[in-house]
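Student: Quick one: the structure is below, and I'll ask about it shortly.
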Amino acid sequence: MFQVGSHHLARAFVCAGWEVAFVSDPISPWHLVRGVSASLRERFALHRTGGTRALDNRLWTYVPATWIVPHPQPLLRTNPVHRHWPRFTWPSLRKILRQNGFDRVDLIYVDSVIHYPWVQEVPRTRLVYRVCDNNAAFPKSTPAARQMERELAQAADLAVFTAEPLRRYVEELGARRSAYLSNGVHFDHFDRGSRQCPAEYRTIRRPIALYVGSLDLWFDAALMLRTARRLRDVSFVLIGPLTPSARALVAEPNVHCLGPRSYDELPPYLHNADVGLIPFDVGRHPELVDAVNPLKLYEYLACGLPVVAVQWEALRRLGSPARLCTSADEFAGAVRRVLSESPDRLRYRQFAARHDWKLQVARLLEMLGLAA
């Protein structure tokens, strides 16, 4: 399962001495209509068991189940569904929170507007809304969700955004107070992760250009295809669930689609690659991509891996060591140049270390006046 920023922040809060409840977006029987994936099975299992405890029982992870769940489809996209789905959870979400000691909390952190109806009812000291994307630009965005996002941003004691281009978006939501808080990386997980060569790499010709992540929406499959055809002596390894838009890549002799890998399995794949790629489709999805602060950038760099990426506004503003490209020709040329140079691994790791999730949590707590 992919690990997003909130997963990492939850663990970093535990490291800072907090007891944490991580409540995921709800599931419903309607999710089964589209088939049962490994991720969906895992989420239903977390619900059936009443959640799991980790990190010396200080992190509780739970997935609520409800008979109605907000969705872009007719009827499910309506305002009543968005606002009242917690009433139809089984068992009651409020009850299970109380049973696990979270009926009253010091801090509620939200990055998914779907949770706003129930978090309003939980007594708390602080409420933080974390904006990771230009949510209104997603195809699944609905008027009901956009209205709730405005209410959440205005109710929050602090709204933080992960990329500078999101500043205006947050201000237009009407947030009372806002601040920039970058994405980050669990630095030790990658820097000290296994360096043993993965079995799949032993049959793949070097050098290896690696992409890890989703192959949907803003992944530029056409750019990857063109780059792979121009650099036939380079092996392109893709780690992530294969999507219809990326299926044309499978036929290329120097493209290897390995499928998804768990977060714990990733470090050796990065340590044994030669360059990390971020081929996002800025041309087709500028409003979405311009606001992305990619986790994979920090994960690649934490492993000392040079990075070649498409250029977009948020990434350019970071001032990272990544090579940024504005055309397909530049992208292929940058991959070629990086592979011919000696990588400055110390510089890459130092940049990643400055964005460790523990430091991000310390900054957030300081903003909230909750620092120890």
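Residue names in the structure tokens use chain letters A, B, ... in the order shown, residue numbers from 1 in each chain, and ligand numbers from 1 in the order shown.
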Quick one: residues within 12 Å of A:Gln147, only C-alpha atoms, excluding same-chain residues fewer than 2 positions away - as a JSON list (two decimals) with C-alpha atoms, in the first residue's frame?
Tutor:
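Writing the result to result-v7.json gives the following:
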```json
[["chain", "number", "residue", "atom", "x", "y", "z"],
["A", 78, "THR", "CA", -25.07, 15.28, -2.65],
["A", 79, "ASN", "CA", -24.70, 17.54, 0.36],
["A", 82, "HIS", "CA", -21.25, 14.33, 2.51],
["A", 83, "ARG", "CA", -22.50, 15.68, 5.83],
["A", 113, "VAL", "CA", -12.38, 16.95, 3.77],
["A", 114, "ILE", "CA", -14.57, 13.85, 3.95],
["A", 116, "TYR", "CA", -15.06, 17.18, 8.54],
["A", 135, "ASN", "CA", -8.48, 19.60, -4.53],
["A", 136, "ALA", "CA", -10.99, 21.57, -6.58],
["A", 141, "SER", "CA", -14.42, 17.14, -6.87],
["A", 142, "THR", "CA", -18.07, 17.99, -6.12],
["A", 143, "PRO", "CA", -19.82, 21.21, -5.07],
["A", 144, "ALA", "CA", -20.66, 19.62, -1.71],
["A", 145, "ALA", "CA", -17.02, 18.71, -1.06],
["A", 149, "GLU", "CA", -13.53, 22.33, 2.39],
["A", 150, "ARG", "CA", -14.24, 26.05, 2.78],
["A", 151, "GLU", "CA", -15.94, 25.41, 6.11],
["A", 152, "LEU", "CA", -13.07, 23.21, 7.31],
["A", 153, "ALA", "CA", -10.39, 25.75, 6.31],
["A", 154, "GLN", "CA", -12.28, 28.52, 8.11],
["A", 173, "LEU", "CA", -10.80, 29.13, 1.08],
["A", 174, "GLY", "CA", -10.90, 31.78, 3.79]]
```
Student: Counting only C-alpha atoms, what is within 10 Å of stretch 46-57 of chain A, bar same-chain residues fewer than 6 positions away, as a PDB file with N, CA, C and O atoms, in the first residue's frame?
Tutor:
```pdb
ATOM      1  N   ARG A  11       3.338   8.747  12.347  1.00  0.00           N
ATOM      2  CA  ARG A  11       4.469   8.104  13.024  1.00  0.00           C
ATOM      3  C   ARG A  11       5.392   9.146  13.662  1.00  0.00           C
ATOM      4  O   ARG A  11       5.928   8.928  14.753  1.00  0.00           O
ATOM      5  N   VAL A  14       4.083  10.274  16.936  1.00  0.00           N
ATOM      6  CA  VAL A  14       4.377   9.292  17.982  1.00  0.00           C
ATOM      7  C   VAL A  14       5.807   9.479  18.477  1.00  0.00           C
ATOM      8  O   VAL A  14       6.072   9.464  19.686  1.00  0.00           O
ATOM      9  N   CYS A  15       6.736   9.654  17.546  1.00  0.00           N
ATOM     10  CA  CYS A  15       8.139   9.864  17.935  1.00  0.00           C
ATOM     11  C   CYS A  15       8.310  11.121  18.774  1.00  0.00           C
ATOM     12  O   CYS A  15       9.247  11.222  19.571  1.00  0.00           O
ATOM     13  N   GLU A  19       0.215  10.272  21.547  1.00  0.00           N
ATOM     14  CA  GLU A  19      -0.584   9.092  21.240  1.00  0.00           C
ATOM     15  C   GLU A  19      -1.508   9.475  20.090  1.00  0.00           C
ATOM     16  O   GLU A  19      -2.189  10.507  20.158  1.00  0.00           O
ATOM     17  N   VAL A  20      -1.541   8.641  19.033  1.00  0.00           N
ATOM     18  CA  VAL A  20      -2.148   9.056  17.767  1.00  0.00           C
ATOM     19  C   VAL A  20      -3.209   8.065  17.302  1.00  0.00           C
ATOM     20  O   VAL A  20      -3.002   6.846  17.338  1.00  0.00           O
ATOM     21  N   ALA A  21      -4.333   8.605  16.839  1.00  0.00           N
ATOM     22  CA  ALA A  21      -5.339   7.824  16.118  1.00  0.00           C
ATOM     23  C   ALA A  21      -5.287   8.224  14.652  1.00  0.00           C
ATOM     24  O   ALA A  21      -5.399   9.417  14.328  1.00  0.00           O
ATOM     25  N   PHE A  22      -5.093   7.244  13.767  1.00  0.00           N
ATOM     26  CA  PHE A  22      -5.076   7.506  12.326  1.00  0.00           C
ATOM     27  C   PHE A  22      -6.358   6.904  11.744  1.00  0.00           C
ATOM     28  O   PHE A  22      -6.498   5.686  11.653  1.00  0.00           O
ATOM     29  N   VAL A  23      -7.314   7.772  11.380  1.00  0.00           N
ATOM     30  CA  VAL A  23      -8.598   7.332  10.849  1.00  0.00           C
ATOM     31  C   VAL A  23      -8.607   7.571   9.339  1.00  0.00           C
ATOM     32  O   VAL A  23      -8.536   8.711   8.881  1.00  0.00           O
ATOM     33  N   SER A  24      -8.699   6.484   8.576  1.00  0.00           N
ATOM     34  CA  SER A  24      -8.671   6.572   7.120  1.00  0.00           C
ATOM     35  C   SER A  24     -10.032   6.970   6.567  1.00  0.00           C
ATOM     36  O   SER A  24     -11.042   6.992   7.291  1.00  0.00           O
ATOM     37  N   PRO A  26     -13.547   6.425   4.774  1.00  0.00           N
ATOM     38  CA  PRO A  26     -14.437   5.275   5.020  1.00  0.00           C
ATOM     39  C   PRO A  26     -14.543   4.339   3.822  1.00  0.00           C
ATOM     40  O   PRO A  26     -14.329   4.730   2.675  1.00  0.00           O
ATOM     41  N   ILE A  27     -14.889   3.101   4.138  1.00  0.00           N
ATOM     42  CA  ILE A  27     -15.227   2.111   3.119  1.00  0.00           C
ATOM     43  C   ILE A  27     -16.716   1.821   3.220  1.00  0.00           C
ATOM     44  O   ILE A  27     -17.359   2.131   4.221  1.00  0.00           O
ATOM     45  N   LEU A  40      -8.010  -2.934  -0.956  1.00  0.00           N
ATOM     46  CA  LEU A  40      -9.353  -2.936  -0.387  1.00  0.00           C
ATOM     47  C   LEU A  40      -9.505  -4.045   0.650  1.00  0.00           C
ATOM     48  O   LEU A  40     -10.121  -3.847   1.705  1.00  0.00           O
ATOM     49  N   VAL A  63     -10.135   1.980   9.983  1.00  0.00           N
ATOM     50  CA  VAL A  63     -10.888   2.319   8.782  1.00  0.00           C
ATOM     51  C   VAL A  63     -12.379   2.198   9.108  1.00  0.00           C
ATOM     52  O   VAL A  63     -12.865   1.091   9.361  1.00  0.00           O
ATOM     53  N   PRO A  64     -13.127   3.285   9.137  1.00  0.00           N
ATOM     54  CA  PRO A  64     -14.564   3.196   9.400  1.00  0.00           C
ATOM     55  C   PRO A  64     -15.313   2.638   8.189  1.00  0.00           C
ATOM     56  O   PRO A  64     -14.867   2.805   7.046  1.00  0.00           O
ATOM     57  N   ALA A  65     -16.436   1.979   8.458  1.00  0.00           N
ATOM     58  CA  ALA A  65     -17.302   1.475   7.382  1.00  0.00           C
ATOM     59  C   ALA A  65     -18.665   2.131   7.519  1.00  0.00           C
ATOM     60  O   ALA A  65     -19.178   2.324   8.629  1.00  0.00           O
ATOM     61  N   TRP A  90     -20.816   1.543  11.031  1.00  0.00           N
ATOM     62  CA  TRP A  90     -20.978   0.407  11.954  1.00  0.00           C
ATOM     63  C   TRP A  90     -19.612  -0.172  12.281  1.00  0.00           C
ATOM     64  O   TRP A  90     -18.826  -0.415  11.385  1.00  0.00           O
ATOM     65  N   PRO A  91     -19.275  -0.343  13.559  1.00  0.00           N
ATOM     66  CA  PRO A  91     -19.977   0.273  14.686  1.00  0.00           C
ATOM     67  C   PRO A  91     -19.881   1.793  14.615  1.00  0.00           C
ATOM     68  O   PRO A  91     -19.149   2.332  13.788  1.00  0.00           O
ATOM     69  N   ILE A  96     -16.407   3.912  18.775  1.00  0.00           N
ATOM     70  CA  ILE A  96     -15.118   3.219  18.707  1.00  0.00           C
ATOM     71  C   ILE A  96     -13.967   4.174  19.018  1.00  0.00           C
ATOM     72  O   ILE A  96     -12.939   3.774  19.582  1.00  0.00           O
ATOM     73  N   ASN A 100     -11.301   3.648  22.276  1.00  0.00           N
ATOM     74  CA  ASN A 100      -9.846   3.654  22.112  1.00  0.00           C
ATOM     75  C   ASN A 100      -9.185   4.894  22.713  1.00  0.00           C
ATOM     76  O   ASN A 100      -8.001   5.141  22.473  1.00  0.00           O
TER      77      ASN A 100
END
```
Student: Which residues of stretch 322-358 of chain A have any atom within 10 Å of an atom in stretch 234-252 of chain A when counting only C-alpha atoms, and what is the closest pair of atoms for each, with the distance in Å to one decimal? Order the rows by chain and rising number and write it as a tab-separated table.
Tutor:
```
residue	atom	partner	partner_atom	distance
A:Val335	CA	A:Val234	CA	9.2
A:Arg336	CA	A:Val234	CA	8.8
A:Leu339	CA	A:Val234	CA	9.3
```
Student: Measuring atom to atom with only C-alpha atoms, identify which of A:Gln360, A:Leu223, A:Pro321, A:Pro29 is nearest to A:Asp344.
Tutor: A:Pro321
Student: Between atom CA of A:Glu171 and atom CA of A:Leu324, what is the distance in Å, rounded to a tenth?
Tutor: 28.5 Å
Student: Which residue out of A:Ala179, A:His8, A:Ser37, A:Gln350 has the minimum interatomic distance to A:Glu366 when only C-alpha atoms are used?
Tutor: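 Under the stated criterion, the closest residue is A:Ala179.
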Student: If you run DSSP on this backbone, which residues of stretch 17-85 of chain A come out as alpha helix (DSSP H), and could you give them as a PyMOL selection string?
Tutor: chain A and resi 38-48+79-84
Student: With N, CA, C and O atoms kept, could you save the residues just selected as a CSV table (one decimal), in the first residue's frame?
Tutor:
```csv
chain,number,residue,atom,x,y,z
A,38,ALA,N,-6.1,-5.9,-3.5
A,38,ALA,CA,-5.3,-6.2,-2.3
A,38,ALA,C,-5.5,-5.0,-1.3
A,38,ALA,O,-5.6,-5.3,0.0
A,39,SER,N,-5.4,-3.8,-1.7
A,39,SER,CA,-5.6,-2.6,-0.9
A,39,SER,C,-6.9,-2.6,-0.2
A,39,SER,O,-7.1,-2.3,1.0
A,40,LEU,N,-8.0,-2.9,-1.0
A,40,LEU,CA,-9.4,-2.9,-0.4
A,40,LEU,C,-9.5,-4.0,0.7
A,40,LEU,O,-10.1,-3.8,1.7
A,41,ARG,N,-8.9,-5.2,0.4
A,41,ARG,CA,-9.0,-6.3,1.4
A,41,ARG,C,-8.3,-5.9,2.7
A,41,ARG,O,-8.8,-6.2,3.8
A,42,GLU,N,-7.2,-5.2,2.5
A,42,GLU,CA,-6.4,-4.7,3.7
A,42,GLU,C,-7.3,-3.7,4.5
A,42,GLU,O,-7.3,-3.8,5.7
A,43,ARG,N,-8.0,-2.8,3.8
A,43,ARG,CA,-8.8,-1.8,4.5
A,43,ARG,C,-10.0,-2.5,5.2
A,43,ARG,O,-10.3,-2.1,6.3
A,44,PHE,N,-10.6,-3.5,4.6
A,44,PHE,CA,-11.8,-4.1,5.2
A,44,PHE,C,-11.3,-4.9,6.4
A,44,PHE,O,-11.9,-5.0,7.5
A,45,ALA,N,-10.1,-5.5,6.3
A,45,ALA,CA,-9.5,-6.2,7.5
A,45,ALA,C,-9.2,-5.3,8.6
A,45,ALA,O,-9.5,-5.7,9.8
A,46,LEU,N,-8.7,-4.1,8.4
A,46,LEU,CA,-8.5,-3.1,9.4
A,46,LEU,C,-9.8,-2.7,10.1
A,46,LEU,O,-9.9,-2.5,11.3
A,47,HIS,N,-10.9,-2.7,9.3
A,47,HIS,CA,-12.2,-2.4,9.9
A,47,HIS,C,-12.7,-3.5,10.8
A,47,HIS,O,-13.1,-3.3,11.9
A,48,ARG,N,-12.6,-4.7,10.3
A,48,ARG,CA,-13.2,-5.9,11.0
A,48,ARG,C,-12.5,-6.1,12.3
A,48,ARG,O,-13.1,-6.6,13.3
A,79,ASN,N,-25.1,16.9,-0.9
A,79,ASN,CA,-24.7,17.5,0.4
A,79,ASN,C,-25.1,16.7,1.6
A,79,ASN,O,-24.3,16.5,2.5
A,80,PRO,N,-26.3,16.1,1.6
A,80,PRO,CA,-26.7,15.2,2.7
A,80,PRO,C,-25.8,14.1,2.9
A,80,PRO,O,-25.4,13.7,4.1
A,81,VAL,N,-25.3,13.4,1.9
A,81,VAL,CA,-24.4,12.3,2.0
A,81,VAL,C,-23.1,12.7,2.5
A,81,VAL,O,-22.5,12.1,3.4
A,82,HIS,N,-22.5,13.8,2.0
A,82,HIS,CA,-21.3,14.3,2.5
A,82,HIS,C,-21.3,14.7,4.0
A,82,HIS,O,-20.3,14.5,4.7
A,83,ARG,N,-22.4,15.2,4.5
A,83,ARG,CA,-22.5,15.7,5.8
A,83,ARG,C,-23.0,14.6,6.8
A,83,ARG,O,-22.7,14.8,8.0
A,84,HIS,N,-23.6,13.6,6.4
A,84,HIS,CA,-24.3,12.7,7.3
A,84,HIS,C,-23.8,11.2,7.2
A,84,HIS,O,-24.3,10.4,8.0
```
Student: One decimal, Å: what's the distance from atom CA of A:Thr66 over to atom CA of A:Arg87, could you say?
Tutor: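 Interatomic distance, atom CA of A:Thr66 to atom CA of A:Arg87: 8.1 Å.
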Student: Applying 12 Å and only C-alpha atoms, which residues near A:Ser194 remain after dropping the ones on its own chain fewer than 2 positions away? List them as a PyMOL selection string.
Tutor: chain A and resi 188-192+196-198+264-272+303
Student: How about saving the chosen residues, C-alpha atoms kept, as a CSV table (one decimal), in the first residue's frame?
Tutor:
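Heads up, here's the output in out-v4.csv:
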```
chain,number,residue,atom,x,y,z
A,188,ASP,CA,16.5,6.8,8.3
A,189,HIS,CA,14.1,4.4,6.6
A,190,PHE,CA,15.7,5.1,3.2
A,191,ASP,CA,19.2,6.2,4.1
A,192,ARG,CA,19.7,3.2,6.4
A,196,GLN,CA,20.9,-5.9,-1.0
A,197,CYS,CA,20.2,-6.0,-4.7
A,198,PRO,CA,16.6,-7.0,-5.4
A,264,ASP,CA,9.1,-1.4,3.7
A,265,GLU,CA,10.4,-3.1,0.5
A,266,LEU,CA,11.3,0.1,-1.4
A,267,PRO,CA,14.8,1.1,-0.1
A,268,PRO,CA,16.8,-1.7,-1.9
A,269,TYR,CA,15.2,-0.9,-5.2
A,270,LEU,CA,16.2,2.8,-4.8
A,271,HIS,CA,19.7,2.0,-3.5
A,272,ASN,CA,20.4,-0.2,-6.5
A,303,CYS,CA,19.1,7.0,-1.0
```
Student: What does the distance between atom CA of A:Gly333 and atom CA of A:Leu277 come to in Å, to one decimal place?
Tutor: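 Going from atom CA of A:Gly333 over to atom CA of A:Leu277 covers 12.8 Å.
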Student: Excluding same-chain residues fewer than 6 positions from A:Arg316, what lies within 12 Å of it counting only C-alpha atoms, as JSON, numbers by chain?
Tutor: {"A": [163, 164, 165, 289, 290, 291, 292, 293, 294, 309, 310, 322, 323, 324, 325, 326]}
